[in-house]
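Remarks on the structure that follows.
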Amino acid sequence: MKTCGLLEESSNFIWENLKNSRSKLQYMLLFSLAPIFGNVKITFGTGSEMLFGMSGIYAMGLAYALGTLFMALFIRAKDLHRYAKVLSFLALLFFVLISLFREGFFVSVGMMLFGLCYGACSAIALFGFTYALQPKERFIGAGLTVFYTIVFQIICALPFLTPISGRLYLGAQVIGTFLCFYRYKPEDYVPSLAGEKTKSNSIIGVAIFFYAAHKIIMYFYSKLPPDMPDMLIGLIALLIIVCAMLIYFLVRFNIVHLCSLFFGGMIISYVLHLVSRYANVEILGDMTQSFGYMGFIASYYLLGSAMQERLDYKGFQKFLLAMLCLQLLVQILPSFLANRFPDGLIFFSLSLTVLFFIVFALLIPILIVHLFPSNPPAEDPAEKRRKLMLKYDLSEREQELAELLYQGKLFKECALVLEISIDTVRYHSKNLYRKLGINGRNALAGFFDENTKKQDAEENNEE
């Protein structure tokens, strides 16, 4: 009965948040950040032609990392939605081109160009996921991305789809990325960038550590002998994720448990792969590898929530540069170990996973302090203003404009952010002034400040 209640609570939580966040779905679906390289190997192999002395898959991995560099150095926040459309279209175009060829030089070159564009897309997707969403939306978005990956694994395991399974999975990812990026709008994330940031680096450090640990562990795991899609593994993965969701709701949204389950599951998976050298239990290792999906959900949830509150756009770009260095290292080290010490790679991977788990266990108190503070945080001032605007029946466009005007933006700047004409800005401003009962923009800040103070006083009197 308790399990049924949890399932009902979980489904209601997801459904209600999805209904309320339909306009944010393009930021929730992390298609360009979903697992990709394993399916590239299945689809295109390693590339039949060497490119700059590297195989096609290796060149693609480096290009994917360099795409992050392009995002970090050259894309401004106000232009991001335009780059998102162009880069996702180019990624789709290059994917179609390399899908037309089975082998040869053009496949290797196309894989590199595809990786470059898709790497930039992954950075853009992480930005939107960080600054356009609320924590619950992030959790659901990462969960939906994992659900997509697992369901495709099950579908592609059907015998008649196996020859084209890699192309189906990658094609859906690339098309999904393009459709999501086409709906990016600056007004969805610019207010979050403009908000005042909390000066606390400890939780940022923990979030980045777990994100990096997840990336490294899963990349090392991908260097183990690859398997074709298996329906049983996919079904077990789906069951594991459902159990993870139940645990998450049972402990009332404690993400720490998902992080711990990720480490525990991956350690068990490595151990089973070691045991499989002496007994036929490799399939069990592949099943427990599904715990990696928990790490995916937890890593992006933690990272997005920590960065939104503490990093502005420049801080986000610095983070991308740091991740570029990590990606390049991750590209080089596992390949080096796999070539030099093929039998010792799994021992090194297992030891590294255990080490990461120990360090994370020591960092858990920092997570507890930030996730469950003894004094509940004060309500976000922007949220208080939004409630006031709803109370005075301001339309969605009038709310967006009122927030920008409150931040001190000029009409010209508001028009640029909202992508409307200055005359339209003037029209909406007159309407919102009338609804709020004020004479003009000079009285706007005073109106919000005075009324939010009244709200605080009323809440204190009720307590």
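Within each chain, counting starts at residue 1; across the structure tokens, chains are named A, B, ... in the order shown, with ligands numbered 1 upward in that order.
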Open item on the list: Excluding His428 of chain A and its own-chain neighbours fewer than 3 positions away, which residues fall within 9 Å of it when counting only C-alpha atoms? Please give them as JSON, numbers by chain.
Closed with: {"A": [397, 398, 401, 423, 424, 425, 431, 432, 433]}
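Between atom CA of Arg385 of chain A and atom CA of Pro191 of chain A the interatomic distance comes to 12.5 Å.
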So which residues touch Glu413 of chain A within 12 Å, counting only C-alpha atoms, skipping near sequence neighbours fewer than 5 positions away, as a CSV table (one decimal) with all heavy atoms, in the first residue's frame?
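result.csv, freshly written:
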```
chain,number,residue,atom,x,y,z
A,78,LYS,N,22.8,37.3,-25.0
A,78,LYS,CA,21.7,37.8,-25.8
A,78,LYS,C,21.6,37.2,-27.2
A,78,LYS,O,20.5,37.3,-27.8
A,78,LYS,CB,21.8,39.3,-25.9
A,78,LYS,CG,22.9,39.8,-26.7
A,78,LYS,CD,22.9,41.4,-26.8
A,78,LYS,CE,24.0,41.9,-27.8
A,78,LYS,NZ,23.9,43.4,-27.9
A,187,GLU,N,13.9,35.9,-23.0
A,187,GLU,CA,13.2,36.3,-21.8
A,187,GLU,C,13.0,35.1,-20.8
A,187,GLU,O,12.7,35.3,-19.6
A,187,GLU,CB,11.8,36.8,-22.1
A,187,GLU,CG,10.9,35.9,-23.0
A,187,GLU,CD,11.1,36.2,-24.4
A,187,GLU,OE1,12.1,36.6,-24.9
A,187,GLU,OE2,10.1,35.9,-25.2
A,190,VAL,N,17.2,35.4,-19.3
A,190,VAL,CA,17.8,36.7,-19.0
A,190,VAL,C,17.5,37.2,-17.6
A,190,VAL,O,18.4,37.6,-16.8
A,190,VAL,CB,17.5,37.8,-20.0
A,190,VAL,CG1,17.9,39.1,-19.5
A,190,VAL,CG2,18.2,37.4,-21.3
A,401,LEU,N,7.9,42.5,-19.0
A,401,LEU,CA,8.3,43.9,-19.2
A,401,LEU,C,8.4,44.6,-17.8
A,401,LEU,O,9.4,45.3,-17.6
A,401,LEU,CB,7.3,44.7,-20.1
A,401,LEU,CG,7.5,46.2,-20.3
A,401,LEU,CD1,8.9,46.3,-21.0
A,401,LEU,CD2,6.4,46.8,-21.1
A,404,LEU,N,11.8,43.6,-16.3
A,404,LEU,CA,12.9,44.3,-16.9
A,404,LEU,C,13.0,45.8,-16.5
A,404,LEU,O,14.0,46.3,-16.3
A,404,LEU,CB,12.8,44.2,-18.4
A,404,LEU,CG,13.0,42.8,-19.0
A,404,LEU,CD1,12.7,42.7,-20.5
A,404,LEU,CD2,14.4,42.3,-18.8
A,405,LEU,N,11.8,46.5,-16.5
A,405,LEU,CA,11.8,47.9,-16.1
A,405,LEU,C,12.2,48.0,-14.6
A,405,LEU,O,12.9,49.0,-14.3
A,405,LEU,CB,10.4,48.4,-16.3
A,405,LEU,CG,9.9,48.6,-17.7
A,405,LEU,CD1,8.4,49.0,-17.8
A,405,LEU,CD2,10.7,49.6,-18.5
A,407,GLN,N,14.3,46.2,-13.1
A,407,GLN,CA,15.8,46.1,-13.1
A,407,GLN,C,16.5,47.3,-13.7
A,407,GLN,O,17.7,47.3,-13.7
A,407,GLN,CB,16.2,44.8,-13.9
A,407,GLN,CG,15.7,43.5,-13.3
A,407,GLN,CD,15.9,42.4,-14.2
A,407,GLN,OE1,16.6,42.5,-15.2
A,407,GLN,NE2,15.3,41.2,-13.9
A,408,GLY,N,15.8,48.3,-14.2
A,408,GLY,CA,16.4,49.5,-14.7
A,408,GLY,C,16.6,49.6,-16.1
A,408,GLY,O,17.3,50.4,-16.6
A,418,LEU,N,13.1,41.3,-25.4
A,418,LEU,CA,11.8,40.7,-25.7
A,418,LEU,C,11.5,40.5,-27.2
A,418,LEU,O,10.5,39.8,-27.6
A,418,LEU,CB,10.6,41.5,-25.1
A,418,LEU,CG,10.7,41.7,-23.6
A,418,LEU,CD1,9.6,42.6,-23.1
A,418,LEU,CD2,10.6,40.4,-22.9
A,419,GLU,N,12.4,41.0,-28.0
A,419,GLU,CA,12.3,40.9,-29.5
A,419,GLU,C,11.0,41.5,-30.0
A,419,GLU,O,10.3,40.8,-30.8
A,419,GLU,CB,12.5,39.5,-29.9
A,419,GLU,CG,13.9,38.9,-29.6
A,419,GLU,CD,14.1,37.5,-30.2
A,419,GLU,OE1,13.2,36.7,-30.0
A,419,GLU,OE2,15.2,37.2,-30.7
A,420,ILE,N,10.7,42.7,-29.5
A,420,ILE,CA,9.5,43.4,-30.0
A,420,ILE,C,9.9,44.8,-30.3
A,420,ILE,O,11.0,45.2,-29.9
A,420,ILE,CB,8.3,43.4,-28.9
A,420,ILE,CG1,8.8,43.9,-27.6
A,420,ILE,CG2,7.8,42.0,-28.7
A,420,ILE,CD1,7.8,44.0,-26.5
A,421,SER,N,9.0,45.6,-30.9
A,421,SER,CA,9.4,47.0,-31.2
A,421,SER,C,9.2,47.9,-30.0
A,421,SER,O,8.6,47.5,-29.0
A,421,SER,CB,8.4,47.5,-32.3
A,421,SER,OG,7.1,47.6,-31.8
A,422,ILE,N,9.9,49.1,-30.1
A,422,ILE,CA,9.8,50.0,-28.9
A,422,ILE,C,8.3,50.5,-28.8
A,422,ILE,O,7.9,50.7,-27.6
A,422,ILE,CB,10.7,51.2,-29.2
A,422,ILE,CG1,12.2,50.7,-29.2
A,422,ILE,CG2,10.5,52.3,-28.1
A,422,ILE,CD1,13.2,51.8,-29.4
A,425,VAL,N,6.6,48.0,-26.7
A,425,VAL,CA,7.0,48.2,-25.3
A,425,VAL,C,6.2,49.3,-24.7
A,425,VAL,O,5.7,49.2,-23.5
A,425,VAL,CB,8.5,48.5,-25.2
A,425,VAL,CG1,8.9,48.9,-23.8
A,425,VAL,CG2,9.3,47.3,-25.6
```
TODO: Considering only C-alpha atoms, return as a ChimeraX atom specification whatever protein or nucleic-acid residues lie within 9 Å of segment 135-139 of chain A, sequence-local ones (same chain, fewer than 2 positions apart) excluded.
DONE: /A:14,17-18,21,24-25,27-28,129-130,133,141-144,297-298,300-302,304-305
Selected residues, N, CA, C and O atoms, written as a compact mmCIF listing (two decimals), in the first residue's frame, please.
```
# COMPACT_ATOMS: atom_id res chain seq x y z
N ILE A 14 5.14 14.50 -11.02
CA ILE A 14 5.67 14.69 -12.38
C ILE A 14 4.62 15.31 -13.29
O ILE A 14 4.91 16.25 -14.03
N ASN A 17 3.91 19.08 -12.45
CA ASN A 17 5.01 19.95 -12.85
C ASN A 17 5.16 20.02 -14.35
O ASN A 17 5.55 21.06 -14.89
N LEU A 18 4.85 18.92 -15.04
CA LEU A 18 4.89 18.96 -16.51
C LEU A 18 3.82 19.90 -17.05
O LEU A 18 4.06 20.66 -17.99
N SER A 21 4.90 23.39 -16.60
CA SER A 21 6.18 23.75 -17.21
C SER A 21 6.23 23.42 -18.69
O SER A 21 7.30 23.24 -19.26
N LYS A 24 8.48 25.34 -20.72
CA LYS A 24 9.90 25.18 -20.42
C LYS A 24 10.45 23.82 -20.90
O LYS A 24 11.58 23.49 -20.61
N LEU A 25 9.64 23.06 -21.60
CA LEU A 25 10.04 21.71 -21.98
C LEU A 25 11.30 21.71 -22.84
O LEU A 25 12.12 20.79 -22.76
N TYR A 27 13.88 23.44 -22.49
CA TYR A 27 15.06 23.53 -21.63
C TYR A 27 15.22 22.28 -20.75
O TYR A 27 16.31 22.02 -20.26
N MET A 28 14.14 21.54 -20.57
CA MET A 28 14.17 20.37 -19.69
C MET A 28 14.77 19.15 -20.37
O MET A 28 15.41 18.33 -19.73
N PHE A 129 19.25 24.70 -19.31
CA PHE A 129 18.85 23.84 -18.21
C PHE A 129 19.16 24.51 -16.87
O PHE A 129 18.42 24.37 -15.90
N THR A 130 20.25 25.28 -16.83
CA THR A 130 20.68 25.92 -15.58
C THR A 130 19.89 27.18 -15.28
O THR A 130 19.44 27.38 -14.15
N LEU A 133 15.23 27.13 -15.66
CA LEU A 133 14.40 26.18 -14.94
C LEU A 133 14.48 26.35 -13.43
O LEU A 133 15.43 26.94 -12.92
N GLY A 141 13.25 17.06 -15.92
CA GLY A 141 13.88 17.12 -17.24
C GLY A 141 14.97 16.08 -17.40
O GLY A 141 15.03 15.37 -18.41
N ALA A 142 15.85 15.97 -16.40
CA ALA A 142 16.91 14.97 -16.46
C ALA A 142 16.32 13.56 -16.45
O ALA A 142 16.79 12.67 -17.16
N GLY A 143 15.24 13.37 -15.67
CA GLY A 143 14.58 12.07 -15.64
C GLY A 143 13.95 11.71 -16.98
O GLY A 143 14.03 10.56 -17.42
N LEU A 144 13.34 12.68 -17.65
CA LEU A 144 12.74 12.43 -18.97
C LEU A 144 13.82 12.07 -19.99
O LEU A 144 13.60 11.21 -20.86
N ILE A 297 21.07 11.99 -13.63
CA ILE A 297 20.01 12.84 -13.06
C ILE A 297 20.57 13.70 -11.93
O ILE A 297 20.37 14.92 -11.88
N ALA A 298 21.30 13.06 -11.01
CA ALA A 298 21.80 13.77 -9.83
C ALA A 298 22.83 14.82 -10.21
O ALA A 298 22.83 15.94 -9.65
N TYR A 300 23.33 16.60 -13.05
CA TYR A 300 22.80 17.80 -13.71
C TYR A 300 21.85 18.56 -12.80
O TYR A 300 21.76 19.80 -12.87
N TYR A 301 21.12 17.85 -11.94
CA TYR A 301 20.26 18.53 -10.97
C TYR A 301 21.10 19.38 -10.02
O TYR A 301 20.81 20.58 -9.81
N LEU A 302 22.12 18.79 -9.44
CA LEU A 302 22.98 19.52 -8.50
C LEU A 302 23.69 20.68 -9.18
O LEU A 302 23.75 21.79 -8.66
N GLY A 304 23.01 22.34 -12.03
CA GLY A 304 22.13 23.43 -12.46
C GLY A 304 21.65 24.27 -11.30
O GLY A 304 21.67 25.51 -11.36
N SER A 305 21.25 23.63 -10.20
CA SER A 305 20.74 24.37 -9.05
C SER A 305 21.83 25.22 -8.40
O SER A 305 21.59 26.36 -7.99
```
Task: Interatomic distance (Å, one decimal) between atom CA of Lys318 of chain A and atom CA of Leu30 of chain A - done: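 Atom-to-atom, atom CA of Lys318 of chain A and atom CA of Leu30 of chain A are spaced 20.9 Å apart.
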